[in-house]
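Novice: Below you'll find run.cif; it's mmCIF, C-alpha atoms.
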```cif
data_start
#
loop_
_atom_site.label_atom_id
_atom_site.label_comp_id
_atom_site.auth_asym_id
_atom_site.auth_seq_id
_atom_site.Cartn_x
_atom_site.Cartn_y
_atom_site.Cartn_z
CA MET B 3 -4.08 -22.22 -35.75
CA THR B 4 -2.21 -25.35 -36.75
CA THR B 5 1.50 -25.12 -37.22
CA ASP B 6 3.36 -26.67 -40.08
CA HIS B 7 5.69 -29.07 -38.46
CA ARG B 8 8.54 -29.89 -40.77
CA PRO B 9 11.63 -32.08 -40.40
CA HIS B 10 13.63 -28.86 -40.62
CA TYR B 11 12.52 -27.99 -37.10
CA ASP B 12 13.44 -31.45 -35.85
CA GLU B 13 16.98 -30.76 -36.96
CA LEU B 14 17.16 -27.57 -34.94
CA LEU B 15 15.92 -29.07 -31.72
CA PRO B 16 19.09 -30.75 -30.40
CA ALA B 17 21.17 -27.60 -30.84
CA TYR B 18 18.34 -25.61 -29.27
CA ALA B 19 18.43 -27.84 -26.21
CA LEU B 20 22.15 -27.13 -25.92
CA GLY B 21 21.67 -23.41 -26.50
CA ALA B 22 23.84 -23.57 -29.59
CA LEU B 23 21.52 -22.05 -32.20
CA ASP B 24 22.66 -18.86 -33.86
CA ALA B 25 20.33 -15.87 -33.73
CA GLY B 26 18.54 -16.46 -37.04
CA GLU B 27 17.67 -20.10 -36.48
CA LEU B 28 16.89 -19.41 -32.81
CA ALA B 29 14.28 -16.82 -33.75
CA GLU B 30 12.84 -19.12 -36.38
CA LEU B 31 12.47 -22.06 -34.02
CA GLU B 32 11.16 -19.99 -31.14
CA GLY B 33 8.57 -18.48 -33.42
CA HIS B 34 7.48 -21.98 -34.40
CA LEU B 35 7.44 -23.17 -30.77
CA SER B 36 5.51 -20.20 -29.45
CA ALA B 37 2.76 -20.96 -31.97
CA GLY B 38 2.50 -24.34 -30.25
CA CYS B 39 3.81 -27.52 -31.84
CA PRO B 40 3.07 -30.70 -29.88
CA GLU B 41 5.47 -32.72 -32.02
CA CYS B 42 8.33 -30.38 -31.24
CA GLU B 43 7.46 -30.21 -27.56
CA LEU B 44 7.58 -33.98 -27.38
CA GLN B 45 10.95 -34.16 -29.08
CA LEU B 46 12.33 -31.26 -27.15
CA ALA B 47 11.65 -32.99 -23.85
CA THR B 48 14.02 -35.84 -24.71
CA TRP B 49 16.62 -33.52 -26.25
CA ARG B 50 16.63 -31.53 -23.05
CA GLN B 51 17.06 -34.66 -21.04
CA THR B 52 20.02 -35.60 -23.19
CA ALA B 53 21.64 -32.20 -22.87
CA GLU B 54 21.08 -32.22 -19.16
CA GLY B 55 22.80 -35.58 -19.01
CA LEU B 56 26.00 -33.79 -19.89
CA ALA B 57 25.91 -32.22 -16.45
CA ASP B 58 26.50 -35.70 -15.09
CA SER B 59 29.68 -36.07 -17.06
CA VAL B 60 31.29 -33.57 -14.73
CA THR B 61 32.56 -34.52 -11.32
CA PRO B 62 30.35 -32.85 -8.74
CA VAL B 63 32.04 -30.26 -6.54
CA VAL B 64 30.92 -30.04 -2.94
CA VAL B 65 29.76 -26.56 -2.10
CA SER B 66 31.68 -24.80 0.67
CA GLU B 67 29.88 -24.53 4.00
CA LEU B 68 30.07 -20.75 3.81
CA THR B 69 28.30 -20.60 0.45
CA ARG B 70 25.68 -23.10 1.57
CA ALA B 71 25.04 -21.10 4.74
CA ARG B 72 24.77 -17.85 2.77
CA VAL B 73 22.27 -19.24 0.31
CA LEU B 74 20.06 -20.85 2.94
CA ALA B 75 20.20 -17.77 5.15
CA ALA B 76 19.19 -15.51 2.27
CA ALA B 77 16.26 -17.79 1.52
CA ARG B 78 15.23 -17.94 5.18
CA ARG B 79 15.28 -14.12 5.38
CA SER B 80 13.02 -13.77 2.42
CA ALA B 81 10.81 -16.65 3.62
CA ARG B 82 9.93 -14.63 6.73
CA ARG B 83 8.83 -11.82 4.48
CA ARG B 84 6.53 -14.08 2.51
CA LEU B 85 3.47 -13.13 4.50
CA PRO B 86 0.11 -13.11 2.84
CA GLY B 87 -0.75 -9.64 1.74
CA LEU B 88 1.72 -6.94 2.65
CA GLY B 89 5.37 -6.33 2.13
CA VAL B 90 7.15 -3.91 4.47
CA ALA B 91 6.94 -1.08 1.97
CA ALA B 92 3.23 -1.51 1.48
CA ALA B 93 2.66 -1.71 5.26
CA LEU B 94 4.62 1.53 5.79
CA LEU B 95 2.62 3.27 3.11
CA LEU B 96 -0.62 2.16 4.72
CA LEU B 97 0.63 3.35 8.12
CA ALA B 98 1.58 6.76 6.70
CA GLY B 99 -1.83 7.00 5.14
CA ALA B 100 -3.53 6.09 8.39
CA ILE B 101 -1.53 8.68 10.32
CA GLY B 102 -2.39 11.30 7.73
CA LEU B 103 -6.05 10.44 8.07
CA ILE B 104 -5.92 10.67 11.87
CA VAL B 105 -4.25 14.11 11.72
CA SER B 106 -6.84 15.45 9.31
CA LEU B 107 -9.68 14.02 11.39
CA GLU B 108 -8.29 15.67 14.52
CA ARG B 109 -8.16 19.00 12.70
CA ARG B 110 -11.74 18.55 11.70
CA ILE B 111 -12.74 17.78 15.25
CA ASP B 112 -11.05 21.00 16.43
CA ARG B 113 -12.83 23.04 13.76
CA LEU B 114 -16.14 21.45 14.62
CA GLY B 115 -15.55 22.14 18.31
CA ALA B 116 -14.89 25.83 17.59
CA GLU B 117 -17.98 25.98 15.41
CA GLN B 118 -20.04 24.39 18.11
CA ALA B 119 -18.84 26.97 20.66
CA ARG B 120 -19.81 29.78 18.29
CA LEU B 121 -23.23 28.24 17.71
CA VAL B 122 -23.82 27.87 21.45
CA GLU B 123 -22.97 31.54 21.89
CA ARG B 124 -25.28 32.60 19.08
CA LEU B 125 -28.02 30.47 20.56
CA ALA B 126 -27.59 32.21 23.93
CA VAL B 127 -27.79 35.62 22.28
CA ALA B 128 -30.87 34.57 20.34
CA ASN B 129 -32.48 33.28 23.52
CA ASP B 130 -31.80 36.57 25.26
CA ARG B 131 -33.37 38.48 22.39
CA LEU B 132 -36.35 36.19 22.42
CA ALA B 133 -36.83 36.71 26.15
CA ALA B 134 -36.60 40.47 25.66
CA ALA B 135 -39.09 40.36 22.81
CA GLU B 136 -41.50 38.23 24.80
CA SER B 137 -41.23 40.64 27.68
CA GLU B 138 -42.01 43.58 25.41
CA VAL B 139 -44.95 41.75 23.94
CA ALA B 140 -46.28 40.96 27.38
CA GLN B 141 -45.86 44.56 28.43
CA ALA B 142 -47.64 45.81 25.31
CA ARG B 143 -50.47 43.35 25.92
CA ARG B 144 -50.88 44.52 29.44
CA ALA B 145 -50.94 48.14 28.29
CA LEU B 146 -53.55 47.32 25.69
CA GLY B 147 -55.48 45.47 28.29
CA VAL B 148 -55.69 48.61 30.33
CA VAL B 149 -56.54 50.86 27.43
CA ALA B 150 -59.15 48.47 26.10
CA SER B 151 -60.92 48.00 29.45
CA ALA B 152 -64.60 48.94 29.56
CA ASP B 153 -64.27 51.66 32.21
CA VAL B 154 -60.94 53.01 31.16
CA ARG B 155 -60.26 56.58 32.28
CA SER B 156 -57.65 58.76 30.71
CA VAL B 157 -55.98 61.73 32.38
CA THR B 158 -53.79 64.27 30.61
CA LEU B 159 -50.91 65.82 32.55
CA ALA B 160 -49.66 69.27 31.59
CA GLY B 161 -46.03 70.37 31.68
CA LEU B 162 -45.15 72.81 34.48
CA PRO B 163 -42.59 75.63 34.23
CA PRO B 164 -39.51 73.41 34.97
CA ALA B 165 -40.50 71.32 31.91
CA PRO B 166 -42.68 73.54 29.77
CA GLY B 167 -42.70 71.50 26.56
CA SER B 168 -43.59 68.25 28.26
CA SER B 169 -46.85 66.36 28.66
CA GLY B 170 -48.16 63.10 30.06
CA ARG B 171 -51.11 60.73 29.72
CA ALA B 172 -52.32 58.16 32.18
CA TRP B 173 -54.76 55.41 31.28
CA LEU B 174 -56.44 53.86 34.27
CA ASP B 175 -58.58 50.75 34.59
CA PRO B 176 -60.51 51.58 37.80
CA SER B 177 -61.73 48.04 38.45
CA SER B 178 -58.25 46.53 38.49
CA GLY B 179 -56.41 49.64 39.56
CA ARG B 180 -53.86 49.02 36.86
CA ALA B 181 -52.70 51.91 34.77
CA VAL B 182 -50.23 52.77 32.07
CA PHE B 183 -48.53 56.14 31.97
CA TYR B 184 -46.83 57.89 29.01
CA ALA B 185 -44.64 60.96 29.27
CA HIS B 186 -43.39 63.12 26.37
CA GLY B 187 -40.74 65.80 26.04
CA LEU B 188 -39.20 65.58 29.48
CA PRO B 189 -35.53 66.55 29.71
CA SER B 190 -32.96 63.89 30.64
CA LEU B 191 -31.81 63.93 34.22
CA PRO B 192 -28.36 63.46 35.72
CA SER B 193 -27.79 60.02 37.13
CA SER B 194 -28.27 61.33 40.67
CA ARG B 195 -31.90 62.11 39.87
CA THR B 196 -35.00 60.31 38.63
CA TYR B 197 -38.59 61.11 37.67
CA GLN B 198 -41.26 59.75 40.04
CA LEU B 199 -44.98 59.36 39.33
CA TRP B 200 -47.53 60.02 42.08
CA VAL B 201 -51.24 59.43 42.37
CA ILE B 202 -53.15 61.65 44.79
CA THR B 203 -55.95 59.91 46.60
CA GLY B 204 -57.66 61.13 49.75
CA GLY B 205 -55.38 64.18 49.57
CA ARG B 206 -52.24 62.12 50.02
CA PRO B 207 -49.66 61.33 47.32
CA LEU B 208 -48.89 57.64 46.67
CA SER B 209 -45.83 56.62 44.67
CA ALA B 210 -46.70 54.94 41.40
CA GLY B 211 -43.11 54.24 40.37
CA VAL B 212 -39.97 55.86 39.02
CA PHE B 213 -38.97 56.18 35.37
CA ALA B 214 -36.32 57.58 33.05
CA VAL B 215 -36.83 59.20 29.65
CA ASP B 216 -35.25 58.05 26.36
CA SER B 217 -33.33 60.31 23.96
CA ARG B 218 -36.54 61.91 22.71
CA GLY B 219 -37.70 62.64 26.21
CA ASP B 220 -40.41 59.93 26.13
CA ALA B 221 -41.14 57.35 28.79
CA SER B 222 -43.74 54.74 29.58
CA LEU B 223 -44.50 53.18 32.89
CA GLU B 224 -46.68 50.30 33.91
CA VAL B 225 -48.43 51.05 37.17
CA GLY B 226 -49.41 48.08 39.30
CA PRO B 227 -52.72 47.99 41.14
CA VAL B 228 -52.71 51.34 42.85
CA ALA B 229 -55.48 52.72 44.96
CA ALA B 230 -57.92 50.15 43.59
CA GLY B 231 -61.45 51.16 44.30
CA GLU B 232 -60.42 54.51 45.64
CA LYS B 233 -60.94 57.60 43.64
CA ILE B 234 -57.74 59.00 42.15
CA GLU B 235 -57.94 62.77 42.40
CA ALA B 236 -54.78 63.75 40.59
CA TRP B 237 -51.56 62.53 38.95
CA ALA B 238 -48.22 64.26 39.24
CA VAL B 239 -44.57 63.72 38.28
CA THR B 240 -41.72 65.14 40.34
CA VAL B 241 -37.96 65.09 40.14
CA GLU B 242 -36.53 63.08 43.01
CA PRO B 243 -33.13 61.74 44.06
CA ALA B 244 -32.18 58.53 42.25
CA GLY B 245 -34.17 55.55 43.53
CA GLY B 246 -37.21 57.63 44.42
CA GLN B 247 -38.66 58.88 47.75
CA PRO B 248 -41.61 57.76 49.91
CA GLN B 249 -43.07 61.26 49.65
CA PRO B 250 -42.51 63.94 47.01
CA THR B 251 -39.59 66.23 47.80
CA GLY B 252 -38.53 67.69 44.47
CA GLU B 253 -40.04 70.07 42.01
CA MET B 254 -43.15 69.04 40.11
CA VAL B 255 -42.85 68.83 36.30
CA LEU B 256 -46.19 67.33 35.25
CA LYS B 257 -49.59 67.54 36.74
CA GLY B 258 -53.06 66.41 35.75
CA MET V 21 9.79 -39.80 -13.88
CA ASN V 22 12.18 -41.13 -11.29
CA ARG V 23 11.91 -40.78 -7.55
CA ALA V 24 14.36 -37.90 -7.42
CA GLU V 25 12.34 -35.86 -9.89
CA GLU V 26 9.13 -36.53 -7.96
CA ARG V 27 10.86 -35.33 -4.82
CA ASP V 28 12.12 -32.23 -6.63
CA LEU V 29 8.62 -31.39 -7.81
CA TRP V 30 7.36 -31.68 -4.27
CA CYS V 31 10.14 -29.36 -3.09
CA MET V 32 9.27 -26.79 -5.75
CA GLY V 33 5.68 -26.76 -4.60
CA ARG V 34 6.73 -26.28 -0.99
CA MET V 35 9.21 -23.56 -1.98
CA ALA V 36 6.49 -21.66 -3.78
CA ALA V 37 4.68 -21.58 -0.45
CA GLY V 38 7.75 -20.15 1.27
CA ASP V 39 9.10 -23.37 2.79
CA ASP V 40 12.83 -22.77 3.15
CA VAL V 41 13.44 -26.27 4.52
CA ALA V 42 12.29 -27.75 1.19
CA PHE V 43 14.64 -25.30 -0.49
CA ALA V 44 17.54 -26.57 1.62
CA GLU V 45 16.71 -30.09 0.51
CA LEU V 46 16.71 -29.11 -3.17
CA PHE V 47 19.96 -27.24 -2.66
CA ASP V 48 21.65 -30.19 -1.02
CA ARG V 49 20.47 -32.58 -3.67
CA HIS V 50 21.68 -30.60 -6.68
CA SER V 51 24.23 -27.98 -5.70
CA SER V 52 27.27 -30.21 -6.18
CA VAL V 53 26.38 -31.16 -9.73
CA VAL V 54 25.51 -27.60 -10.60
CA LEU V 55 28.72 -26.33 -9.04
CA GLY V 56 30.66 -28.93 -10.96
CA VAL V 57 29.17 -27.74 -14.24
CA LEU V 58 29.66 -24.11 -13.31
CA ALA V 59 33.24 -24.63 -12.24
CA ARG V 60 33.94 -26.36 -15.53
CA MET V 61 32.30 -23.49 -17.40
CA VAL V 62 33.74 -20.41 -15.70
CA GLY V 63 36.91 -22.01 -14.50
CA ASP V 64 37.15 -20.08 -11.25
CA ARG V 65 35.80 -21.63 -8.05
CA ALA V 66 34.88 -18.41 -6.31
CA GLU V 67 33.09 -17.12 -9.35
CA ALA V 68 31.36 -20.47 -9.84
CA GLU V 69 30.05 -20.32 -6.27
CA GLU V 70 28.77 -16.80 -6.89
CA VAL V 71 26.85 -17.96 -9.93
CA LEU V 72 25.59 -20.92 -7.90
CA GLN V 73 24.25 -18.61 -5.20
CA ASP V 74 22.55 -16.34 -7.72
CA THR V 75 21.04 -19.32 -9.50
CA PHE V 76 19.61 -20.99 -6.43
CA LEU V 77 18.22 -17.74 -5.07
CA GLN V 78 16.55 -17.11 -8.39
CA VAL V 79 15.01 -20.58 -8.24
CA TRP V 80 13.86 -19.86 -4.68
CA ARG V 81 12.25 -16.56 -5.64
CA GLN V 82 10.65 -17.89 -8.80
CA ALA V 83 9.58 -21.30 -7.50
CA GLY V 84 5.98 -20.27 -7.93
CA ARG V 85 6.54 -19.80 -11.65
CA PHE V 86 7.94 -23.26 -12.33
CA VAL V 87 5.90 -25.19 -14.86
CA PRO V 88 6.52 -28.99 -14.89
CA GLU V 89 5.61 -29.23 -18.60
CA ARG V 90 8.77 -27.37 -19.55
CA GLY V 91 11.06 -29.90 -17.92
CA SER V 92 12.25 -31.15 -14.57
CA PRO V 93 13.32 -28.85 -11.73
CA ARG V 94 16.86 -30.13 -12.22
CA SER V 95 16.96 -29.16 -15.88
CA TRP V 96 15.52 -25.75 -14.98
CA LEU V 97 18.27 -25.32 -12.43
CA LEU V 98 20.94 -26.33 -14.90
CA MET V 99 19.51 -24.13 -17.60
CA LEU V 100 19.48 -21.10 -15.31
CA ALA V 101 22.97 -21.84 -14.05
CA ARG V 102 24.36 -22.30 -17.53
CA SER V 103 22.64 -19.18 -18.73
CA ARG V 104 24.25 -17.07 -16.05
CA ALA V 105 27.60 -18.71 -16.60
CA ILE V 106 27.38 -18.06 -20.34
CA ASP V 107 26.65 -14.40 -19.66
CA ARG V 108 29.76 -14.21 -17.54
CA LEU V 109 31.83 -15.98 -20.15
CA ARG V 110 30.63 -13.68 -22.90
CA SER V 111 31.36 -10.63 -20.84
CA ARG V 112 34.92 -11.61 -20.39
CA GLU V 113 35.36 -12.51 -24.06
CA ALA V 114 39.07 -12.40 -24.46
CA ARG V 115 40.25 -14.50 -21.55
CA ARG V 116 39.12 -18.03 -20.95
CA ARG V 117 40.56 -19.23 -17.80
CA ARG V 118 39.86 -22.85 -18.25
CA GLU V 119 41.74 -24.77 -15.67
CA GLU V 120 40.29 -27.91 -17.07
CA THR V 121 43.16 -30.13 -16.11
CA ALA V 122 43.29 -28.78 -12.58
CA TRP V 123 39.58 -29.43 -12.17
CA ARG V 124 39.76 -32.96 -13.44
CA GLU V 125 42.55 -33.76 -11.01
CA ALA V 126 40.91 -32.03 -8.06
CA GLY V 127 37.60 -33.71 -8.72
CA SER V 128 38.69 -37.32 -8.99
CA GLY V 129 39.03 -38.12 -5.31
CA ALA V 130 36.57 -35.74 -3.70
CA GLY V 131 33.51 -36.67 -5.69
CA GLU V 132 31.31 -37.14 -2.62
CA ASP V 133 27.90 -35.79 -3.23
CA ALA V 134 26.08 -34.10 -0.38
CA ALA V 135 22.86 -35.64 -1.69
CA HIS V 136 20.69 -38.16 0.10
CA GLY V 137 21.60 -41.83 0.11
CA ALA V 138 19.42 -43.31 -2.64
CA SER V 139 19.86 -40.57 -5.16
CA ARG V 140 23.60 -40.58 -4.64
CA LEU V 141 23.63 -44.06 -6.06
CA GLU V 142 21.50 -42.95 -8.98
CA ALA V 143 23.79 -40.00 -9.61
CA ASP V 144 26.89 -42.19 -9.64
CA GLU V 145 25.32 -44.61 -12.09
CA ARG V 146 24.11 -41.87 -14.34
CA SER V 147 27.40 -40.10 -14.10
CA SER V 148 29.47 -43.06 -15.16
CA ARG V 149 27.05 -43.88 -17.94
CA VAL V 150 27.23 -40.39 -19.39
CA ARG V 151 30.98 -40.29 -19.16
CA HIS V 152 31.12 -43.61 -20.91
CA GLU V 153 28.79 -42.52 -23.70
CA LEU V 154 30.66 -39.28 -24.17
CA ALA V 155 33.92 -41.14 -24.35
CA CYS V 156 32.43 -43.35 -27.04
CA LEU V 157 31.61 -40.41 -29.29
CA PRO V 158 33.93 -39.45 -32.10
CA SER V 159 36.15 -36.77 -30.62
CA GLU V 160 35.05 -34.03 -33.02
CA GLN V 161 31.41 -34.64 -32.10
CA ARG V 162 32.21 -34.63 -28.40
CA ALA V 163 34.25 -31.44 -28.78
CA ALA V 164 31.39 -29.63 -30.53
CA ILE V 165 28.90 -30.72 -27.87
CA GLU V 166 31.16 -29.79 -24.98
CA LEU V 167 31.91 -26.38 -26.45
CA ALA V 168 28.18 -25.76 -26.77
CA PHE V 169 27.31 -27.00 -23.30
CA PHE V 170 30.23 -25.86 -21.18
CA GLU V 171 31.20 -22.71 -22.99
CA GLY V 172 27.82 -21.68 -24.29
CA LEU V 173 29.09 -21.30 -27.84
CA THR V 174 26.70 -21.20 -30.75
CA HIS V 175 27.21 -23.02 -34.08
CA SER V 176 29.12 -20.18 -35.71
CA ALA V 177 31.28 -19.57 -32.64
CA ILE V 178 32.20 -23.26 -32.50
CA ALA V 179 32.97 -23.19 -36.21
CA GLU V 180 35.27 -20.25 -35.62
CA ARG V 181 36.94 -21.87 -32.64
CA LEU V 182 37.61 -25.14 -34.39
CA ASP V 183 38.28 -23.47 -37.69
CA ALA V 184 35.73 -25.67 -39.44
CA PRO V 185 32.82 -24.97 -41.81
CA LEU V 186 29.50 -24.08 -40.23
CA GLY V 187 27.65 -26.92 -41.91
CA THR V 188 30.20 -29.41 -40.61
CA ILE V 189 29.78 -28.16 -37.08
CA LYS V 190 25.99 -28.36 -37.32
CA SER V 191 26.08 -31.96 -38.42
CA ARG V 192 28.70 -32.96 -35.81
CA LEU V 193 26.54 -31.51 -33.08
CA SER V 194 23.43 -33.16 -34.42
CA LEU V 195 25.00 -36.60 -34.85
CA GLY V 196 26.64 -36.50 -31.45
CA MET V 197 23.40 -35.51 -29.71
CA SER V 198 21.47 -38.25 -31.50
CA LYS V 199 23.95 -40.88 -30.35
CA LEU V 200 23.81 -39.58 -26.76
CA ARG V 201 20.06 -39.51 -26.79
CA ARG V 202 19.79 -43.08 -27.94
CA ALA V 203 22.23 -44.16 -25.28
CA LEU V 204 20.92 -42.11 -22.40
CA THR V 205 17.19 -42.45 -22.91
CA SER V 206 16.98 -46.14 -23.63
#
```
Would you mind writing the structure in this file as structure tokens?
Specialist:
Amino acid sequence: MTTDHRPHYDELLPAYALGALDAGELAELEGHLSAGCPECELQLATWRQTAEGLADSVTPVVVSELTRARVLAAARRSARRRLPGLGVAAALLLLAGAIGLIVSLERRIDRLGAEQARLVERLAVANDRLAAAESEVAQARRALGVVASADVRSVTLAGLPPAPGSSGRAWLDPSSGRAVFYAHGLPSLPSSRTYQLWVITGGRPLSAGVFAVDSRGDASLEVGPVAAGEKIEAWAVTVEPAGGQPQPTGEMVLKG
Amino acid sequence: MNRAEERDLWCMGRMAAGDDVAFAELFDRHSSVVLGVLARMVGDRAEAEEVLQDTFLQVWRQAGRFVPERGSPRSWLLMLARSRAIDRLRSREARRRREETAWREAGSGAGEDAAHGASRLEADERSSRVRHELACLPSEQRAAIELAFFEGLTHSAIAERLDAPLGTIKSRLSLGMSKLRRALTS
């Protein structure tokens, strides 16, 4: 956009350089100047120089030492603050932000630590359950192994008067001597007593283990190799003191 | 551009980078002249020194914004100083404590500039030249110019002060400035 330079503006320039233009003419000239007028800029430079020359018509006044010291000290103070990047306020804000971040991170670490402890606990519980399940599976396999053996023999035990509603079944694998025994309907015993299983071979009773019944009166018992090779003549269950006895002492409840 | 202006431009550049030693140099070179003008304008030494402080600190803070095309550092300084002084004058409208006579007497003997050797000579020469040219102006032209420069009055305010028509004042100002320009820029 080219400006219309007119002599009218030339006339305003000297007063403008002195700061003597009234509001109306000032606005007019400044509008013209802001649009960019090289002619005016050129003229204005010398008018300004002239106006400035008036400063030299005054006798200089030496500044008092106090004022000089104040000014230079104020500048020196703000010079130290002229560091690239941060002012004090900005640095403090950043510091506050960093502290806030650290606090929140520490909280997170605590939470994560607590979570980790819980997870470790749950893992231990799960491991225990797994071990128990594996043990049950192994036990069931062994029982099946007995029952599925080629020469498996099964013996039914009948309940005797002390436990009339009860019964038992023994599955024996003669070649390995391993057996599995199931009891049904036996009454629970006080803690001072236990059921004990016997096998009778050669007329003598051999302990095949102790067991307790569950709430329904059922029990199962794995019997390790017992009297392998020898003929088992009979099976019996007696009530014995807790921990069992080397020979039967209590009343017989099952026999077969 | 004379040597002093070159030096001033160098100082401005250094000041923009935070160099307070360059600022001290600029201060020492120009503070006396500025204080002289300010004292003449506001009439009170303490107040003049206040305005001086504010002006120089503004120049220090805004050194990075100085644009050489708009004029020399010295004229920027003077413009800022005068601007502040005019604000003060306008805010105490009624009273004008112009101890003009007292200043002229006080200044005559103690005109030692704190500036550096070479530019002191330049300042003295320039100073006597300006005073001479001003003295050569018709008094009504000089009066109009001085009222504009030292009291920050606009055309209409000068017209009111001197009880003269506006058009007359405008032409007195214009003629006086033209004469000064011819004399001072030749």
Novice: With distances taken over all atoms listed in the file, which residue among V:Val62, V:Ser95, V:Gly196, V:Val41 lies nearest V:Ser111?
Specialist: V:Val62
Novice: Which residues of chain B are close to chain V, meaning at most 8 Å apart when you count only C-alpha atoms, and how do they look as a compact mmCIF listing (two decimals) with C-alpha atoms, in the frame of the given file?
Specialist:
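Saved the output as result.txt:
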```
# COMPACT_ATOMS: atom_id res chain seq x y z
CA GLU B 13 16.98 -30.76 -36.96
CA PRO B 16 19.09 -30.75 -30.40
CA ALA B 17 21.17 -27.60 -30.84
CA LEU B 20 22.15 -27.13 -25.92
CA GLY B 21 21.67 -23.41 -26.50
CA ALA B 22 23.84 -23.57 -29.59
CA LEU B 23 21.52 -22.05 -32.20
CA ASP B 24 22.66 -18.86 -33.86
CA ALA B 47 11.65 -32.99 -23.85
CA THR B 48 14.02 -35.84 -24.71
CA TRP B 49 16.62 -33.52 -26.25
CA ARG B 50 16.63 -31.53 -23.05
CA GLN B 51 17.06 -34.66 -21.04
CA THR B 52 20.02 -35.60 -23.19
CA ALA B 53 21.64 -32.20 -22.87
CA GLU B 54 21.08 -32.22 -19.16
CA GLY B 55 22.80 -35.58 -19.01
CA LEU B 56 26.00 -33.79 -19.89
CA ALA B 57 25.91 -32.22 -16.45
CA ASP B 58 26.50 -35.70 -15.09
CA SER B 59 29.68 -36.07 -17.06
CA VAL B 60 31.29 -33.57 -14.73
CA THR B 61 32.56 -34.52 -11.32
CA PRO B 62 30.35 -32.85 -8.74
CA VAL B 63 32.04 -30.26 -6.54
CA VAL B 64 30.92 -30.04 -2.94
CA VAL B 65 29.76 -26.56 -2.10
CA THR B 69 28.30 -20.60 0.45
CA VAL B 73 22.27 -19.24 0.31
CA LEU B 74 20.06 -20.85 2.94
CA ALA B 76 19.19 -15.51 2.27
CA ALA B 77 16.26 -17.79 1.52
CA ARG B 78 15.23 -17.94 5.18
CA ALA B 81 10.81 -16.65 3.62
CA ARG B 84 6.53 -14.08 2.51
```
Novice: Within 12 Å of B:Met254, counting only C-alpha atoms, which residues show up once you throw out same-chain ones fewer than 3 positions away? Write them as a PyMOL selection string, please.
Specialist: chain B and resi 159-166+168+188+197-200+237-242+250-251+257-258
Novice: For the selection just defined, write its residues with C-alpha atoms to a file, as a CSV table (one decimal), keeping the file's coordinate frame.
Specialist:
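And here's result.csv as it stands now:
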```
chain,number,residue,atom,x,y,z
B,159,LEU,CA,-50.9,65.8,32.6
B,160,ALA,CA,-49.7,69.3,31.6
B,161,GLY,CA,-46.0,70.4,31.7
B,162,LEU,CA,-45.2,72.8,34.5
B,163,PRO,CA,-42.6,75.6,34.2
B,164,PRO,CA,-39.5,73.4,35.0
B,165,ALA,CA,-40.5,71.3,31.9
B,166,PRO,CA,-42.7,73.5,29.8
B,168,SER,CA,-43.6,68.2,28.3
B,188,LEU,CA,-39.2,65.6,29.5
B,197,TYR,CA,-38.6,61.1,37.7
B,198,GLN,CA,-41.3,59.8,40.0
B,199,LEU,CA,-45.0,59.4,39.3
B,200,TRP,CA,-47.5,60.0,42.1
B,237,TRP,CA,-51.6,62.5,39.0
B,238,ALA,CA,-48.2,64.3,39.2
B,239,VAL,CA,-44.6,63.7,38.3
B,240,THR,CA,-41.7,65.1,40.3
B,241,VAL,CA,-38.0,65.1,40.1
B,242,GLU,CA,-36.5,63.1,43.0
B,250,PRO,CA,-42.5,63.9,47.0
B,251,THR,CA,-39.6,66.2,47.8
B,257,LYS,CA,-49.6,67.5,36.7
B,258,GLY,CA,-53.1,66.4,35.8
```
Novice: List as a count of residues only the protein and nucleic acid residues near B:Val201, meaning an atom at most 7 Å away when only C-alpha atoms are counted, but skip any in the same chain fewer than 4 places from it.
Specialist: 8
Novice: Can you measure atom CA of B:Val157 to atom CA of B:Ala181 for me? One decimal in Å is fine.
Specialist: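 We find that atom CA of B:Val157 and atom CA of B:Ala181 lie 10.6 Å from each other.
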Novice: For a quick check of understanding, using only C-alpha atoms, which of B:Arg195, B:Arg180, B:Arg218, B:Arg70 has the smallest distance to B:Gly252?
Specialist: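 Distance minimum relative to B:Gly252 lands on B:Arg195.
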Novice: What gap, in Å, lies between atom CA of V:Pro158 and atom CA of B:Asp12?
Specialist: 22.3 Å
